[in-house]
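Everything on this sheet refers to the single structure shown next.
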Amino acid sequence: MSEAAFTAEVYQNQYLPAGGTVVDAVVTVTASGGTLRPGSAPPSAAQVIMIDCSGSMANPVTKIAEAKKATMAAIDTLRDGVAFAVVSGRNEADMVYPHQPMLVPASPQTRNEAKFAVSRLSAAGGTAIGRWLAMANMLFAGNPAEVKHAILLTDGRNQHETAEQLAATLRACEGRFICDARGVGADWVANELMAVASTLLGSADGLPDPAELVEEFRTMTEAAMGKGMAEVALRLWTPAGAKLRFVKQAFPHVEDLSGRRVEVSPRVGDYPTGAWGAESRDYHVSVEVAPGGLGEEMLAARVSLVSGDQVLAQGRVLATWTDDTALSTQINPRVAHYTGQAELAEAIQQGLAAREAGDVETATAKLGRAVQLAEETGRDDTAKLLGKVVDVIDAGTGTVRLKQKVAGVDAELASVRSVKTVRVRNI
Amino acid sequence: MAAEATAVAACPACGAAVGAQATFCEACGHELSLPAPTGTGAPAGEAAAGRWLTSTGGPTACPGCGGTAFDEDEYCETCGQRRPVALDHRELDLEIVAGVTDRGVRHTRNEDAMGLGVAPGVQVGIVCDGVSSSTRPDAAAHAAVEAATPAVLAELAEGHPPGEAITTAAGAAQAAAALVAGRAPGANPPSCTFVCAVLKGDMVTVGWVGDSRAYWLPDDGAAERLTADDSLAGRLAAAGVQSAEIAQNRSASALVRWLGADAPDAVPHLRAFQPPGPGRVLVCSDGVFRYRPEAAELAELMPDKPPLDTARDLVAFALDQGGHDNITAVVLTYPPGAEEDIKT
């Protein structure tokens, strides 16, 4: 059946006071149904699993053991015919399966061979995440699959290459494949995982308990297998003379897309969003327009989801100028909600960075504000994470004291999960 | 040769008479070498029921930036401004019925719409004034006249009495105005007023929803207002309160009835009467009568001239007084002409 599988809904207050210029809107894009391309097979897929085999993965030994089980679970989740490979990561990246640096189609036989190869992995050596990603990039390069998905698992700091090397590799990989990054145990670094996930349009999270890996790997692979449309972009039209203040993904996690614009024409830009399965994402668009006369109505932005030149869904952001202050002073609840969520994420990240740098005053202020925002917006999950980093004296006023002793992983968890958002309820 | 130089043709966009040598229409600004703008509704209709014109039909270029590409909802592809449904100034002339509408001075767009029609022994004049506190009021007003003008002629042609024809036409106007709101009408859906005058045989019948008005202006005798505003002030006046006692404040002039998706109802008030002698009927928006609300005062502004000239005079007067609102005047001639008077 050729039903439109994508929808776009715009939430905004289109009324501006006389002279008002800033228009904010939240656009909810929802993809539904299994086959997003009507009348055709799901897009072809490829997956590379990068598993950390550094020496620390043996301490405790459950990390390497659970990582192996999780990799096997992921292999079992691959559809027949999906091209795949498993790479072990140390100071360099090595092929685990197949032996040659290439991808092979999943079949009962190749799955068994791959699982056997994984079962023989042992932990020894260092950590150079960029080298692993470079290997994945090379493996994907010769493959025609539409959805290219990678899983990266690490348990420690990226210490056997420089931050610049990792950044350079990420730039080389950008747009080539999607990567979900996971940290296991207590020693991974949130900023590194977030850099990988952000650049490669995936997700980042930490799993202190290795026992959670199997379910996590299966879920990530299932999601990749469920992608019905590859290489989808958010397309924004803004009028001549308008200035795009920002465009952010607001749900399921905060991601500022503003810097990723690919010019299509003078008033149109594309922002890559990766592959879509049956899922829903929210975007927050903020446009500055030239003020119009009272009663005038203008199109402040047209937001579309496109695949190539095919428009999958479209929404309009409007501006109307009015002298009715009852109209122009309202803030759309969704816009307010995500503005608060973005501020919460920023407060946590800045607070943790200040704490890391020994700036107690800034850290206390920022994390206090974060505790206050988490309380106000009912983010119990975030409040709980923050409670491991600060002693909360009064959540309502954001009065906190930095904890003297903090387990490293608690700060990293608070950081990596700071960008996660929830949808506003009952609106 | 001289006769050819003064020959006139009609503007393809608005139907106004234009000189044979003209490049642009003086009434609507349309470039005469181009066909009528598409997708904005044909301004002239021709049916067995009679002839009719409305002021609907926007400019071909965006008034904001001059761009000529618009999306399916009429937003300019260059600057985002919504294309007006109609022009700032428009003159329609069916000789015995004529109308002029103008944006005025203070408003950024013309949210008034008018429709006029003639059939053997029949004249019709309709004015709809977009409610400026609503969203896209001009779209509601134009949808309403586009629906109501042919509807009232068709009803009359089928033999329905004028009152019934006006009521049916108001229903059509209400449906059309409500449709403009689309699937999500929002808090202030497009809204407009409605006033319709039908001259048939020796009867003058008017119907209205809102605060646009109709006046009777006899050649001899006292002029008279035919409508009572659907506003708090109008209701007080109808109850016999002297107009001087009614505060002309915002709440007193607030509309209590209108057409649109959130309209309480769309049944027009009706009034029919048989004038004792010849005269004219004026159908107009508040942009005209706000400066001279009393019928006698209006009559002083309307010396005996052809309907189009009279409508022009009224609009020019309102502009001269400050043009605080959109201005629309439609003038009809009583008694309506017999069949041979209708130009076909």
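Starting from 1 in every chain, residues are counted up; chains themselves are A, B, ... following the order of the structure tokens, and ligands are numbered from 1 as listed.
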
Please find the residues of chain A near chain B - the criterion being any atom within 10 Å, counting only C-alpha atoms - and write them as a ChimeraX atom specification.
/A:237-242,266-267,289-290,292-302,318-320,322-324,327

Expected file contents, prior selection, C-alpha atoms, as a compact mmCIF listing (two decimals), in the first residue's frame:
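This is the output file result-v5.txt:
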```
# COMPACT_ATOMS: atom_id res chain seq x y z
CA TRP A 237 13.38 26.94 3.58
CA THR A 238 13.61 30.39 5.12
CA PRO A 239 12.55 33.66 3.46
CA ALA A 240 14.96 36.13 1.95
CA GLY A 241 16.33 38.39 4.66
CA ALA A 242 15.62 35.89 7.45
CA PRO A 266 20.20 30.45 -1.33
CA ARG A 267 17.13 29.99 0.87
CA VAL A 289 12.55 37.45 10.32
CA ALA A 290 12.10 41.06 9.28
CA GLY A 292 5.89 42.69 9.33
CA GLY A 293 2.92 45.04 9.60
CA LEU A 294 0.03 44.29 11.96
CA GLY A 295 -2.22 41.65 10.47
CA GLU A 296 0.39 40.53 7.99
CA GLU A 297 1.04 36.84 7.73
CA MET A 298 4.26 35.36 6.49
CA LEU A 299 5.86 32.00 6.05
CA ALA A 300 8.85 32.09 8.41
CA ALA A 301 10.11 28.62 7.52
CA ARG A 302 9.09 25.53 5.62
CA LEU A 318 4.14 30.98 10.28
CA ALA A 319 4.41 34.48 11.65
CA THR A 320 1.45 36.83 12.15
CA THR A 322 -0.91 41.34 16.11
CA ASP A 323 -1.58 44.05 18.67
CA ASP A 324 -3.49 41.52 20.77
CA LEU A 327 -2.08 36.19 21.64
```

Show me, as a ChimeraX atom specification, the residues that have an atom within 10 Å of Val184 (chain A) when counting only C-alpha atoms, minus same-chain residues fewer than 2 positions from it.
/A:52,57,63-64,66-67,153-156,182,186-188,205-213,409

Who sits within 9 Å of region 342-354 of chain A, only C-alpha atoms, same chain under 5 positions skipped, as a tab-separated table (two decimals) with C-alpha atoms, in the first residue's frame:
```tsv
chain	number	residue	atom	x	y	z
A	250	ALA	CA	15.13	18.22	20.58
A	254	VAL	CA	19.45	17.32	22.10
A	337	HIS	CA	9.54	22.47	27.25
A	359	ASP	CA	36.21	25.61	39.17
A	360	VAL	CA	34.05	24.91	42.21
A	361	GLU	CA	32.03	28.12	42.02
A	362	THR	CA	30.89	27.66	38.43
A	363	ALA	CA	30.34	23.93	38.90
A	364	THR	CA	28.15	24.54	41.95
A	365	ALA	CA	26.12	27.22	40.19
A	366	LYS	CA	25.58	25.25	36.97
A	367	LEU	CA	24.84	21.92	38.62
A	368	GLY	CA	22.54	23.69	41.07
A	369	ARG	CA	20.61	25.17	38.18
A	370	ALA	CA	20.49	21.71	36.58
A	371	VAL	CA	19.04	20.20	39.75
A	372	GLN	CA	16.44	22.98	39.83
A	373	LEU	CA	15.48	22.47	36.16
A	374	ALA	CA	15.30	18.69	36.60
A	386	LEU	CA	22.92	14.54	39.51
A	389	VAL	CA	27.62	14.23	41.85
A	411	ALA	CA	29.97	11.95	36.46
A	412	GLU	CA	30.39	10.34	33.02
A	414	ALA	CA	25.41	12.21	34.17
A	415	SER	CA	27.22	13.75	31.21
A	416	VAL	CA	26.41	11.17	28.54
A	417	ARG	CA	22.75	11.12	29.54
A	418	SER	CA	22.45	14.91	29.89
A	419	VAL	CA	21.35	15.28	26.26
A	420	LYS	CA	18.52	12.77	26.52
A	421	THR	CA	15.12	14.42	26.56
```

Filtered DSSP result for region 169-291 of chain B, state alpha helix (DSSP H), as an MDAnalysis selection string:
chainID B and resid 169:180 232:238 250:253 286:289

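Proximity to Ala326 (chain A) was assessed for A:Met72, A:Leu305, A:Leu413, A:Leu16 counting only C-alpha atoms; the smallest distance is recorded for A:Leu16.
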